[in-house]
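Asks: Sharing final-v8.pdb (PDB, C-alpha atoms and all ligand atoms) below.
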```
ATOM      1  CA  MET C  13      70.647 -11.127 307.308
ATOM      2  CA  SER C  14      68.738 -13.576 305.144
ATOM      3  CA  CYS C  15      69.429 -15.489 301.953
ATOM      4  CA  PRO C  16      68.342 -13.581 298.819
ATOM      5  CA  ILE C  17      67.592 -16.901 297.068
ATOM      6  CA  CYS C  18      65.560 -18.869 299.646
ATOM      7  CA  SER C  19      64.996 -16.267 302.446
ATOM      8  CA  ALA C  20      66.424 -18.579 305.136
ATOM      9  CA  ALA C  21      68.708 -17.054 307.779
ATOM     10  CA  LEU C  22      72.349 -16.546 306.787
ATOM     11  CA  PHE C  23      75.056 -17.742 309.155
ATOM     12  CA  ALA C  24      78.738 -16.915 309.374
ATOM     13  CA  LYS C  25      80.924 -19.717 308.128
ATOM     14  CA  PRO C  26      82.893 -20.886 310.026
ATOM     15  CA  GLU C  27      80.999 -19.565 313.021
ATOM     16  CA  SER C  28      84.115 -19.015 315.107
ATOM     17  CA  ALA C  29      86.027 -16.893 312.563
ATOM     18  CA  ALA C  30      87.057 -13.540 314.021
ATOM     19  CA  SER C  31      86.424 -11.789 310.738
ATOM     20  CA  VAL C  32      83.585 -13.379 308.801
ATOM     21  CA  LYS C  33      84.329 -13.895 305.120
ATOM     22  CA  THR C  34      81.446 -16.145 304.022
ATOM     23  CA  LEU C  35      77.741 -16.322 304.835
ATOM     24  CA  SER C  36      75.615 -19.337 304.022
ATOM     25  CA  CYS C  37      72.093 -20.629 304.621
ATOM     26  CA  ASP C  38      70.885 -24.146 305.494
ATOM     27  CA  ALA C  39      70.345 -24.826 301.782
ATOM     28  CA  ASN C  40      74.049 -24.027 301.307
ATOM     29  CA  HIS C  41      73.667 -20.864 299.239
ATOM     30  CA  CYS C  42      77.002 -19.140 299.928
ATOM     31  CA  PHE C  43      77.993 -15.487 299.700
ATOM     32  CA  ASP C  44      81.532 -14.177 300.023
ATOM     33  CA  ARG C  45      82.442 -10.789 301.381
ATOM     34  CA  ALA C  46      84.134  -8.586 298.761
ATOM     35  CA  LYS C  47      87.663  -7.504 299.598
ATOM     36  CA  GLN C  48      86.390  -3.929 300.131
ATOM     37  CA  GLY C  49      84.190  -5.309 302.935
ATOM     38  CA  TYR C  50      80.685  -5.253 301.453
ATOM     39  CA  TRP C  51      78.352  -8.212 300.919
ATOM     40  CA  ASN C  52      77.064  -8.928 297.452
ATOM     41  CA  LEU C  53      73.609 -10.389 298.112
ATOM     42  CA  LEU C  54      72.127  -9.692 294.708
ATOM     43  CA  ALA C  55      71.209 -13.085 293.292
ATOM     44  CA  VAL C  56      71.992 -13.378 289.562
ATOM     45  CA  GLN C  57      68.389 -14.335 288.817
ATOM     46  CA  GLN C  58      67.203 -11.022 290.340
ATOM     47  CA  LYS C  59      69.299  -8.897 288.024
ATOM     48  CA  LYS C  60      67.264  -7.291 285.274
ATOM     49  CA  SER C  61      70.431  -5.990 283.641
ATOM     50  CA  LYS C  62      74.099  -6.944 283.777
ATOM     51  CA  ASP C  63      75.055  -3.834 285.710
ATOM     52  CA  PRO C  64      71.924  -2.630 287.551
ATOM     53  CA  GLY C  65      71.516   0.743 289.297
ATOM     54  CA  ASP C  66      73.739   3.784 288.953
ATOM     55  CA  ASN C  67      76.787   3.240 286.760
ATOM     56  CA  ALA C  68      80.385   4.071 287.712
ATOM     57  CA  GLN C  69      80.239   7.542 286.127
ATOM     58  CA  MET C  70      77.026   8.520 287.926
ATOM     59  CA  VAL C  71      78.444   7.294 291.229
ATOM     60  CA  SER C  72      81.681   9.240 290.902
ATOM     61  CA  ALA C  73      79.776  12.396 289.861
ATOM     62  CA  ARG C  74      77.539  12.126 292.940
ATOM     63  CA  ARG C  75      80.476  11.463 295.235
ATOM     64  CA  GLU C  76      82.448  14.382 293.817
ATOM     65  CA  PHE C  77      79.579  16.857 294.191
ATOM     66  CA  LEU C  78      78.431  15.681 297.648
ATOM     67  CA  ASN C  79      82.023  15.829 298.945
ATOM     68  CA  LEU C  80      82.013  19.570 298.155
ATOM     69  CA  GLY C  81      79.635  19.945 301.119
ATOM     70  CA  TYR C  82      76.834  21.996 299.507
ATOM     71  CA  TYR C  83      74.178  19.489 300.648
ATOM     72  CA  GLN C  84      75.501  19.113 304.196
ATOM     73  CA  PRO C  85      72.440  20.891 305.693
ATOM     74  CA  LEU C  86      70.300  17.978 304.458
ATOM     75  CA  ALA C  87      72.671  15.444 306.027
ATOM     76  CA  GLN C  88      72.377  17.391 309.303
ATOM     77  CA  ALA C  89      68.583  17.679 309.100
ATOM     78  CA  LEU C  90      68.262  13.984 308.337
ATOM     79  CA  SER C  91      70.449  12.875 311.242
ATOM     80  CA  LEU C  92      68.520  15.239 313.540
ATOM     81  CA  GLN C  93      65.307  13.571 312.409
ATOM     82  CA  LEU C  94      66.794  10.145 313.150
ATOM     83  CA  GLN C  95      67.930  11.308 316.594
ATOM     84  CA  LYS C  96      64.353  12.405 317.314
ATOM     85  CA  THR C  97      62.960   9.107 316.000
ATOM     86  CA  VAL C  98      65.115   6.553 317.862
ATOM     87  CA  GLN C  99      63.854   5.416 321.248
ATOM     88  CA  PRO C 100      66.052   6.333 324.211
ATOM     89  CA  ASP C 101      68.290   3.429 325.320
ATOM     90  CA  GLN C 102      67.465   1.461 322.186
ATOM     91  CA  SER C 103      70.059   0.233 319.718
ATOM     92  CA  ALA C 104      68.048   0.584 316.529
ATOM     93  CA  ASN C 105      68.518  -1.200 313.209
ATOM     94  CA  ILE C 106      68.672   1.624 310.687
ATOM     95  CA  LEU C 107      68.669   0.838 306.960
ATOM     96  CA  ASP C 108      69.435   3.341 304.207
ATOM     97  CA  MET C 109      67.701   1.906 301.123
ATOM     98  CA  GLY C 110      69.192   3.158 297.841
ATOM     99  CA  CYS C 111      72.149   4.547 299.825
ATOM    100  CA  GLY C 112      74.202   5.382 296.718
ATOM    101  CA  GLU C 113      77.808   6.118 297.597
ATOM    102  CA  GLY C 114      76.868   6.557 301.232
ATOM    103  CA  TYR C 115      77.217  10.303 301.860
ATOM    104  CA  TYR C 116      74.042  10.600 303.960
ATOM    105  CA  THR C 117      74.353   7.102 305.492
ATOM    106  CA  ALA C 118      77.871   7.814 306.774
ATOM    107  CA  HIS C 119      76.909  11.237 308.130
ATOM    108  CA  CYS C 120      73.934   9.786 310.032
ATOM    109  CA  GLN C 121      75.983   6.876 311.389
ATOM    110  CA  GLN C 122      78.570   9.320 312.771
ATOM    111  CA  GLN C 123      75.820  11.162 314.654
ATOM    112  CA  LEU C 124      74.136   7.982 315.948
ATOM    113  CA  GLU C 125      77.105   5.773 316.755
ATOM    114  CA  ASN C 126      75.260   3.431 319.132
ATOM    115  CA  HIS C 127      72.961   2.160 316.438
ATOM    116  CA  GLN C 128      73.376  -0.580 313.837
ATOM    117  CA  PHE C 129      73.469   0.879 310.310
ATOM    118  CA  PHE C 130      72.950  -0.920 307.002
ATOM    119  CA  GLY C 131      73.473   0.735 303.606
ATOM    120  CA  LEU C 132      71.834  -1.072 300.682
ATOM    121  CA  ASP C 133      72.000  -0.304 296.973
ATOM    122  CA  ILE C 134      71.568  -2.318 293.799
ATOM    123  CA  SER C 135      74.627  -0.631 292.250
ATOM    124  CA  LYS C 136      77.902  -2.412 292.955
ATOM    125  CA  HIS C 137      79.783   0.761 291.970
ATOM    126  CA  ALA C 138      77.872   2.796 294.560
ATOM    127  CA  VAL C 139      78.385   0.298 297.382
ATOM    128  CA  LYS C 140      82.075  -0.119 296.539
ATOM    129  CA  ALA C 141      82.500   3.654 296.845
ATOM    130  CA  ALA C 142      80.471   3.687 300.074
ATOM    131  CA  THR C 143      82.856   1.248 301.774
ATOM    132  CA  GLN C 144      85.539   3.938 301.495
ATOM    133  CA  ARG C 145      83.503   6.279 303.719
ATOM    134  CA  THR C 146      83.391   3.984 306.755
ATOM    135  CA  LYS C 147      83.620   0.349 307.765
ATOM    136  CA  ALA C 148      81.225   0.943 310.679
ATOM    137  CA  ILE C 149      78.237   0.321 308.389
ATOM    138  CA  THR C 150      77.149  -3.045 306.944
ATOM    139  CA  TRP C 151      77.172  -2.314 303.197
ATOM    140  CA  LEU C 152      75.012  -4.506 300.976
ATOM    141  CA  VAL C 153      74.661  -4.846 297.218
ATOM    142  CA  ALA C 154      71.055  -5.992 296.946
ATOM    143  CA  SER C 155      67.715  -5.155 295.421
ATOM    144  CA  GLY C 156      65.309  -2.986 297.401
ATOM    145  CA  ALA C 157      62.557  -5.242 296.084
ATOM    146  CA  ASN C 158      64.139  -8.298 297.715
ATOM    147  CA  MET C 159      66.168  -7.112 300.684
ATOM    148  CA  PRO C 160      68.302  -9.843 302.308
ATOM    149  CA  LEU C 161      67.094  -8.957 305.781
ATOM    150  CA  LYS C 162      64.703 -10.704 308.132
ATOM    151  CA  ASP C 163      61.081  -9.559 307.906
ATOM    152  CA  SER C 164      60.066  -7.121 310.684
ATOM    153  CA  SER C 165      63.690  -6.452 311.659
ATOM    154  CA  ILE C 166      64.202  -2.768 310.822
ATOM    155  CA  ASP C 167      63.373   0.118 313.188
ATOM    156  CA  ILE C 168      64.053   2.984 310.788
ATOM    157  CA  MET C 169      64.399   2.956 307.007
ATOM    158  CA  THR C 170      65.692   6.036 305.189
ATOM    159  CA  VAL C 171      65.045   6.496 301.460
ATOM    160  CA  VAL C 172      66.836   9.560 300.119
ATOM    161  CA  PHE C 173      66.084  10.561 296.506
ATOM    162  CA  SER C 174      65.425   6.878 295.836
ATOM    163  CA  ARG C 175      62.588   4.680 294.606
ATOM    164  CA  LEU C 176      59.600   3.629 296.638
ATOM    165  CA  MET C 177      58.777  -0.065 296.951
ATOM    166  CA  PRO C 178      55.955   0.132 299.505
ATOM    167  CA  GLN C 179      55.281  -3.585 300.060
ATOM    168  CA  ALA C 180      58.976  -4.510 300.271
ATOM    169  CA  PHE C 181      59.561  -1.670 302.762
ATOM    170  CA  ALA C 182      56.560  -2.655 304.899
ATOM    171  CA  ASP C 183      57.733  -6.283 305.052
ATOM    172  CA  LYS C 184      61.134  -5.402 306.515
ATOM    173  CA  LEU C 185      59.944  -2.752 308.981
ATOM    174  CA  LYS C 186      58.859  -3.590 312.546
ATOM    175  CA  THR C 187      55.249  -2.770 313.477
ATOM    176  CA  ASP C 188      56.079   0.562 315.143
ATOM    177  CA  ALA C 189      58.948   1.413 312.784
ATOM    178  CA  THR C 190      59.416   4.693 310.916
ATOM    179  CA  LEU C 191      60.028   5.161 307.214
ATOM    180  CA  VAL C 192      61.910   8.417 306.582
ATOM    181  CA  LEU C 193      61.712   9.697 303.017
ATOM    182  CA  VAL C 194      63.505  12.598 301.376
ATOM    183  CA  TRP C 195      62.064  13.860 298.114
ATOM    184  CA  PRO C 196      62.482  17.085 296.104
ATOM    185  CA  THR C 197      59.765  19.750 295.877
ATOM    186  CA  ASP C 198      58.974  21.626 292.656
ATOM    187  CA  GLN C 199      61.310  24.406 293.820
ATOM    188  CA  HIS C 200      64.382  22.166 294.086
ATOM    189  CA  LEU C 201      67.110  23.565 291.769
ATOM    190  CA  ILE C 202      64.362  25.605 290.075
ATOM    191  CA  GLU C 203      66.935  28.065 288.641
ATOM    192  CA  LEU C 204      68.661  25.202 286.808
ATOM    193  CA  LYS C 205      65.361  23.914 285.473
ATOM    194  CA  GLN C 206      64.428  27.407 284.278
ATOM    195  CA  ALA C 207      67.734  27.677 282.415
ATOM    196  CA  ILE C 208      67.414  24.218 280.847
ATOM    197  CA  TYR C 209      63.721  23.768 279.966
ATOM    198  CA  ASP C 210      61.346  25.992 277.963
ATOM    199  CA  ASP C 211      58.393  24.522 279.775
ATOM    200  CA  ILE C 212      58.819  23.258 283.347
ATOM    201  CA  LYS C 213      56.410  20.451 284.111
ATOM    202  CA  ARG C 214      54.968  20.342 287.617
ATOM    203  CA  SER C 215      56.003  17.164 289.401
ATOM    204  CA  LYS C 216      53.152  14.722 289.984
ATOM    205  CA  TYR C 217      55.225  12.743 292.488
ATOM    206  CA  ASP C 218      53.236  12.298 295.690
ATOM    207  CA  PRO C 219      54.842   9.738 298.033
ATOM    208  CA  ALA C 220      51.979   9.944 300.562
ATOM    209  CA  ALA C 221      49.548   8.790 297.856
ATOM    210  CA  GLU C 222      51.893   6.063 296.651
ATOM    211  CA  LEU C 223      52.352   4.736 300.187
ATOM    212  CA  ASP C 224      48.793   5.297 301.351
ATOM    213  CA  ALA C 225      47.610   1.668 301.367
ATOM    214  CA  LEU C 226      50.416   0.610 303.726
ATOM    215  CA  PHE C 227      51.714   3.747 305.476
ATOM    216  CA  SER C 228      50.248   6.898 307.022
ATOM    217  CA  VAL C 229      51.985  10.282 307.223
ATOM    218  CA  ASP C 230      53.386  11.126 310.643
ATOM    219  CA  SER C 231      55.143  14.413 309.754
ATOM    220  CA  VAL C 232      56.512  16.319 306.776
ATOM    221  CA  THR C 233      59.318  18.810 307.419
ATOM    222  CA  PRO C 234      60.689  21.017 304.640
ATOM    223  CA  CYS C 235      64.463  21.373 304.328
ATOM    224  CA  THR C 236      65.168  24.450 302.212
ATOM    225  CA  PHE C 237      68.183  26.714 301.815
ATOM    226  CA  ASP C 238      70.023  28.682 299.145
ATOM    227  CA  PHE C 239      73.531  27.762 298.126
ATOM    228  CA  THR C 240      75.979  29.492 295.813
ATOM    229  CA  ILE C 241      78.016  27.679 293.206
ATOM    230  CA  GLU C 242      81.234  29.673 292.860
ATOM    231  CA  THR C 243      83.273  27.863 290.229
ATOM    232  CA  ALA C 244      82.876  26.192 286.826
ATOM    233  CA  HIS C 245      84.303  23.020 288.377
ATOM    234  CA  ASP C 246      81.550  22.852 291.010
ATOM    235  CA  LEU C 247      78.887  23.686 288.412
ATOM    236  CA  THR C 248      80.080  20.784 286.238
ATOM    237  CA  ALA C 249      80.001  18.447 289.235
ATOM    238  CA  LEU C 250      76.402  19.440 289.990
ATOM    239  CA  LEU C 251      75.300  19.106 286.357
ATOM    240  CA  LEU C 252      76.861  15.657 286.100
ATOM    241  CA  MET C 253      74.974  14.571 289.208
ATOM    242  CA  THR C 254      71.452  15.790 288.451
ATOM    243  CA  PRO C 255      69.140  14.276 285.831
ATOM    244  CA  HIS C 256      68.623  17.833 284.536
ATOM    245  CA  GLY C 257      72.348  18.160 283.947
ATOM    246  CA  GLN C 258      72.256  15.395 281.353
ATOM    247  CA  LYS C 259      69.987  17.641 279.252
ATOM    248  CA  VAL C 260      72.323  20.659 279.182
ATOM    249  CA  ASN C 261      73.657  21.734 275.782
ATOM    250  CA  SER C 262      76.821  23.785 275.360
ATOM    251  CA  GLN C 263      74.866  27.034 274.979
ATOM    252  CA  VAL C 264      73.040  26.571 278.290
ATOM    253  CA  ARG C 265      76.256  25.487 279.997
ATOM    254  CA  GLU C 266      77.994  28.658 278.791
ATOM    255  CA  SER C 267      75.111  30.842 279.913
ATOM    256  CA  LEU C 268      75.117  29.203 283.385
ATOM    257  CA  THR C 269      78.904  29.571 283.613
ATOM    258  CA  ASN C 270      78.582  33.275 282.756
ATOM    259  CA  GLN C 271      76.162  33.677 285.670
ATOM    260  CA  LEU C 272      78.712  32.430 288.256
ATOM    261  CA  PRO C 273      78.556  32.832 291.210
ATOM    262  CA  LEU C 274      75.173  31.160 290.787
ATOM    263  CA  SER C 275      72.644  31.138 293.616
ATOM    264  CA  LEU C 276      70.449  28.024 293.648
ATOM    265  CA  SER C 277      67.497  26.802 295.720
ATOM    266  CA  PHE C 278      67.695  23.531 297.595
ATOM    267  CA  SER C 279      64.196  22.384 298.504
ATOM    268  CA  VAL C 280      63.176  18.936 299.708
ATOM    269  CA  ASN C 281      60.717  17.409 302.146
ATOM    270  CA  ILE C 282      61.677  15.031 304.927
ATOM    271  CA  GLY C 283      58.624  12.872 305.540
ATOM    272  CA  CYS C 284      58.112  10.371 308.351
ATOM    273  CA  PHE C 285      55.649   7.556 307.718
ATOM    274  CA  LYS C 286      54.267   4.869 310.030
ATOM    275  CA  LYS C 287      53.037   1.423 309.041
ATOM    276  CA  ARG C 288      49.247   1.123 309.109
TER     277      ARG C 288
HETATM  278  C1  LIG S 301      69.343   9.238 293.032
HETATM  279  S1  LIG S 301      70.339   7.980 293.726
HETATM  280  C2  LIG S 301      70.349   8.439 295.440
HETATM  281  C3  LIG S 301      71.527   7.905 296.195
HETATM  282  C4  LIG S 301      71.661   8.391 297.659
HETATM  283  N1  LIG S 301      70.502   8.058 298.468
HETATM  284  C5  LIG S 301      71.922   9.877 297.696
HETATM  285  O1  LIG S 301      70.975  10.653 297.876
HETATM  286  O2  LIG S 301      73.077  10.259 297.540
HETATM  287  C6  LIG S 301      69.303   6.539 293.657
HETATM  288  C7  LIG S 301      70.009   5.242 294.056
HETATM  289  O3  LIG S 301      69.056   4.162 294.034
HETATM  290  C8  LIG S 301      69.710   2.999 293.549
HETATM  291  N2  LIG S 301      68.679   2.043 293.083
HETATM  292  C9  LIG S 301      67.958   2.060 291.935
HETATM  293  N3  LIG S 301      67.112   1.007 291.875
HETATM  294  C10 LIG S 301      67.295   0.297 293.025
HETATM  295  C11 LIG S 301      66.726  -0.912 293.567
HETATM  296  N4  LIG S 301      65.787  -1.576 292.908
HETATM  297  N5  LIG S 301      67.154  -1.335 294.773
HETATM  298  C12 LIG S 301      68.104  -0.662 295.455
HETATM  299  N6  LIG S 301      68.688   0.481 294.994
HETATM  300  C13 LIG S 301      68.288   0.958 293.812
HETATM  301  C14 LIG S 301      70.652   3.510 292.477
HETATM  302  O4  LIG S 301      71.703   2.603 292.189
HETATM  303  C15 LIG S 301      71.130   4.833 293.111
HETATM  304  O5  LIG S 301      72.319   4.642 293.856
HETATM  305 ZN    ZN S 302      69.421 -19.898 300.668
END
```
Once more with this new file: its structure as structure tokens, please.
Ligand SMILES: C[S@@+](CC[C@H](N)C(=O)[O-])C[C@H]1O[C@@H](n2cnc3c(N)ncnc32)[C@H](O)[C@@H]1O
Ligand SMILES: [Zn+2]
Replies:
Amino acid sequence: MSCPICSAALFAKPESAASVKTLSCDANHCFDRAKQGYWNLLAVQQKKSKDPGDNAQMVSARREFLNLGYYQPLAQALSLQLQKTVQPDQSANILDMGCGEGYYTAHCQQQLENHQFFGLDISKHAVKAATQRTKAITWLVASGANMPLKDSSIDIMTVVFSRLMPQAFADKLKTDATLVLVWPTDQHLIELKQAIYDDIKRSKYDPAAELDALFSVDSVTPCTFDFTIETAHDLTALLLMTPHGQKVNSQVRESLTNQLPLSLSFSVNIGCFKKR
């Protein structure tokens, strides 16, 4: 790992400690490990707000919904993609950028135990929650724009429903590395959007275009399935997690509840990109 202030290498201090509690660089910038086991490598001067990233409520909503298992097929498809991407006999450095509370990171790590996983998110609440999933992952509170990792050190970076920072990603990836992105198609949760909005705007989000100067598309694989929300509890959990859910008024909520069990479309793309 590298110092988020001066980019120099971080060393364990003292070097002989069985369980490392402090990292420091040659310029003596020091970082303590939180008692939950994660590293807070977000330098104060990089914070644009006091509490950046997803807040505690958003994190607990996401954790609650994902723990219900509805999105497990994506976790499986993603880990299958990683299994196909790693080189045989290689112990890869795999970084989940914008890992949130670690649902997908932990699932992938379980399927690829011989590899070194990092989960990075700017939200302290998210990373704190992620440490409860597993200690087998190095969890980092840090900015995706200034990742405290050596340049050209990552073999695979996953970015699941998270922001693109093309230059920052390219810097940390090795020459032949793979960037694996998951992003929603227009059909994702379309039934919810139809219930909530009078006029559904087509998404203009095109990651291939955004990445084009630095990355080329290797493959795009759809991951689509229908799932059925059975209970008002599960519907509330989903609404609290999605940005659409924040826009639901009581009338729409009642109408959706009356439609239970509610069949919904899950529709995302899993794209693999290579550095140019
Ligand atoms: C929609 S959530 C996705 C979380 C997780 N990948 C998942 O699918 O469950 C987006 C995540 O990106 C994080 N985030 C936002 N800006 C970030 C940044 N500049 N660097 C790192 N993470 C960031 C948020 O805190 C949030 O946890
Ligand atoms: Zn430093």
Asks: Which residues match the PyMOL selection byres (((chain C and resi 276-286) around 8) and not hetatm) in the file above, as JSON, numbers by chain?
Replies: {"C": [90, 188, 189, 190, 191, 192, 193, 194, 195, 196, 197, 198, 199, 200, 201, 202, 203, 204, 227, 228, 229, 230, 231, 232, 233, 234, 235, 236, 237, 238, 239, 240, 241, 274, 275, 287, 288]}
Asks: Find the residues of chain C that sit at most 9 Å from ligand LIG 301 (chain S); for each, write down the nearest two atoms and how far apart they are in Å, to one decimal. Count all atoms listed in the file. Sort by chain, then by number going up, and give it as a Markdown table.
Replies:
```
| residue | atom | partner | partner_atom | distance |
| --- | --- | --- | --- | --- |
| C:Pro64 | CA | S:LIG301 | O4 | 7.0 |
| C:Gly65 | CA | S:LIG301 | O4 | 3.4 |
| C:Asp66 | CA | S:LIG301 | O4 | 4.0 |
| C:Asn67 | CA | S:LIG301 | O4 | 7.5 |
| C:Met70 | CA | S:LIG301 | O5 | 8.5 |
| C:Val71 | CA | S:LIG301 | O5 | 7.2 |
| C:Arg74 | CA | S:LIG301 | O2 | 6.7 |
| C:Arg75 | CA | S:LIG301 | O2 | 7.8 |
| C:Leu78 | CA | S:LIG301 | O2 | 7.6 |
| C:Asp108 | CA | S:LIG301 | N1 | 7.5 |
| C:Met109 | CA | S:LIG301 | C12 | 6.2 |
| C:Gly110 | CA | S:LIG301 | O3 | 3.9 |
| C:Cys111 | CA | S:LIG301 | N1 | 4.1 |
| C:Gly112 | CA | S:LIG301 | O5 | 3.5 |
| C:Glu113 | CA | S:LIG301 | O2 | 6.3 |
| C:Gly114 | CA | S:LIG301 | O2 | 6.5 |
| C:Tyr115 | CA | S:LIG301 | O2 | 6.0 |
| C:Tyr116 | CA | S:LIG301 | O2 | 6.5 |
| C:Thr117 | CA | S:LIG301 | N1 | 8.1 |
| C:Leu132 | CA | S:LIG301 | C12 | 6.4 |
| C:Asp133 | CA | S:LIG301 | N6 | 3.9 |
| C:Ile134 | CA | S:LIG301 | C12 | 4.2 |
| C:Ser135 | CA | S:LIG301 | O4 | 4.4 |
| C:Lys136 | CA | S:LIG301 | O4 | 8.0 |
| C:His137 | CA | S:LIG301 | O4 | 8.3 |
| C:Ala138 | CA | S:LIG301 | O5 | 5.9 |
| C:Val139 | CA | S:LIG301 | O5 | 8.3 |
| C:Val153 | CA | S:LIG301 | C12 | 8.0 |
| C:Ala154 | CA | S:LIG301 | C12 | 6.3 |
| C:Ser155 | CA | S:LIG301 | N5 | 3.9 |
| C:Gly156 | CA | S:LIG301 | N5 | 3.6 |
| C:Ala157 | CA | S:LIG301 | N4 | 5.8 |
| C:Asn158 | CA | S:LIG301 | N5 | 8.1 |
| C:Met159 | CA | S:LIG301 | N5 | 8.3 |
| C:Thr170 | CA | S:LIG301 | N1 | 8.5 |
| C:Val171 | CA | S:LIG301 | N1 | 6.4 |
| C:Val172 | CA | S:LIG301 | N1 | 4.3 |
| C:Phe173 | CA | S:LIG301 | C2 | 4.9 |
| C:Ser174 | CA | S:LIG301 | C6 | 4.5 |
| C:Arg175 | CA | S:LIG301 | N3 | 6.4 |
| C:Leu176 | CA | S:LIG301 | N4 | 8.9 |
| C:Met177 | CA | S:LIG301 | N4 | 8.2 |
| C:Val194 | CA | S:LIG301 | O1 | 8.5 |
| C:Met253 | CA | S:LIG301 | C1 | 8.6 |
| C:Thr254 | CA | S:LIG301 | C1 | 8.3 |
| C:Pro255 | CA | S:LIG301 | C1 | 8.8 |
```
Asks: Which residues match the PyMOL selection byres (((not hetatm)) within 10 of (chain S and resi 302)) in the file above, as a list in words?
Replies: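 Against this file, the PyMOL selection byres (((not hetatm)) within 10 of (chain S and resi 302)) returns the residues Ser14, Cys15, Pro16, Ile17, Cys18, Ser19, Ala20, Ala21, Leu22, Leu35, Ser36, Cys37, Asp38, Ala39, Asn40, His41, Cys42 and Phe43 of chain C.
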Asks: Take the residues just selected and output them with C-alpha atoms as a compact mmCIF listing (two decimals), in the frame of the given file.
Replies:
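Output contents, as saved in part_7.txt:
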```txt
# COMPACT_ATOMS: atom_id res chain seq x y z
CA SER C 14 68.74 -13.58 305.14
CA CYS C 15 69.43 -15.49 301.95
CA PRO C 16 68.34 -13.58 298.82
CA ILE C 17 67.59 -16.90 297.07
CA CYS C 18 65.56 -18.87 299.65
CA SER C 19 65.00 -16.27 302.45
CA ALA C 20 66.42 -18.58 305.14
CA ALA C 21 68.71 -17.05 307.78
CA LEU C 22 72.35 -16.55 306.79
CA LEU C 35 77.74 -16.32 304.83
CA SER C 36 75.61 -19.34 304.02
CA CYS C 37 72.09 -20.63 304.62
CA ASP C 38 70.89 -24.15 305.49
CA ALA C 39 70.34 -24.83 301.78
CA ASN C 40 74.05 -24.03 301.31
CA HIS C 41 73.67 -20.86 299.24
CA CYS C 42 77.00 -19.14 299.93
CA PHE C 43 77.99 -15.49 299.70
```
Asks: How far is it from CA of Cys120 in chain C to CA of Gln93 in chain C, in Å with one decimal?
Replies: 9.7 Å
Asks: With all atoms listed in the file as the basis for distance, which of C:Asp246, C:Asp44, C:Asp210, C:Asp101 is at the shortest distance from Phe77 in chain C?
Replies: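 Looking at the shortest contact to Phe77 in chain C, the residue is C:Asp246.
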Asks: Between C:Asn126, C:Gln206, C:Asn105, C:Asn79, which residue has the minimum interatomic distance to Lys186 in chain C, considering all atoms listed in the file?
Replies: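 Of C:Asn126, C:Gln206, C:Asn105, C:Asn79, the one nearest Lys186 in chain C is C:Asn105, counting all atoms listed in the file.
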Asks: Please evaluate the PyMOL selection byres (((chain C and resi 265) around 10) and not hetatm) against the structure above and give the resulting residues as a count of residues only.
Replies: 18
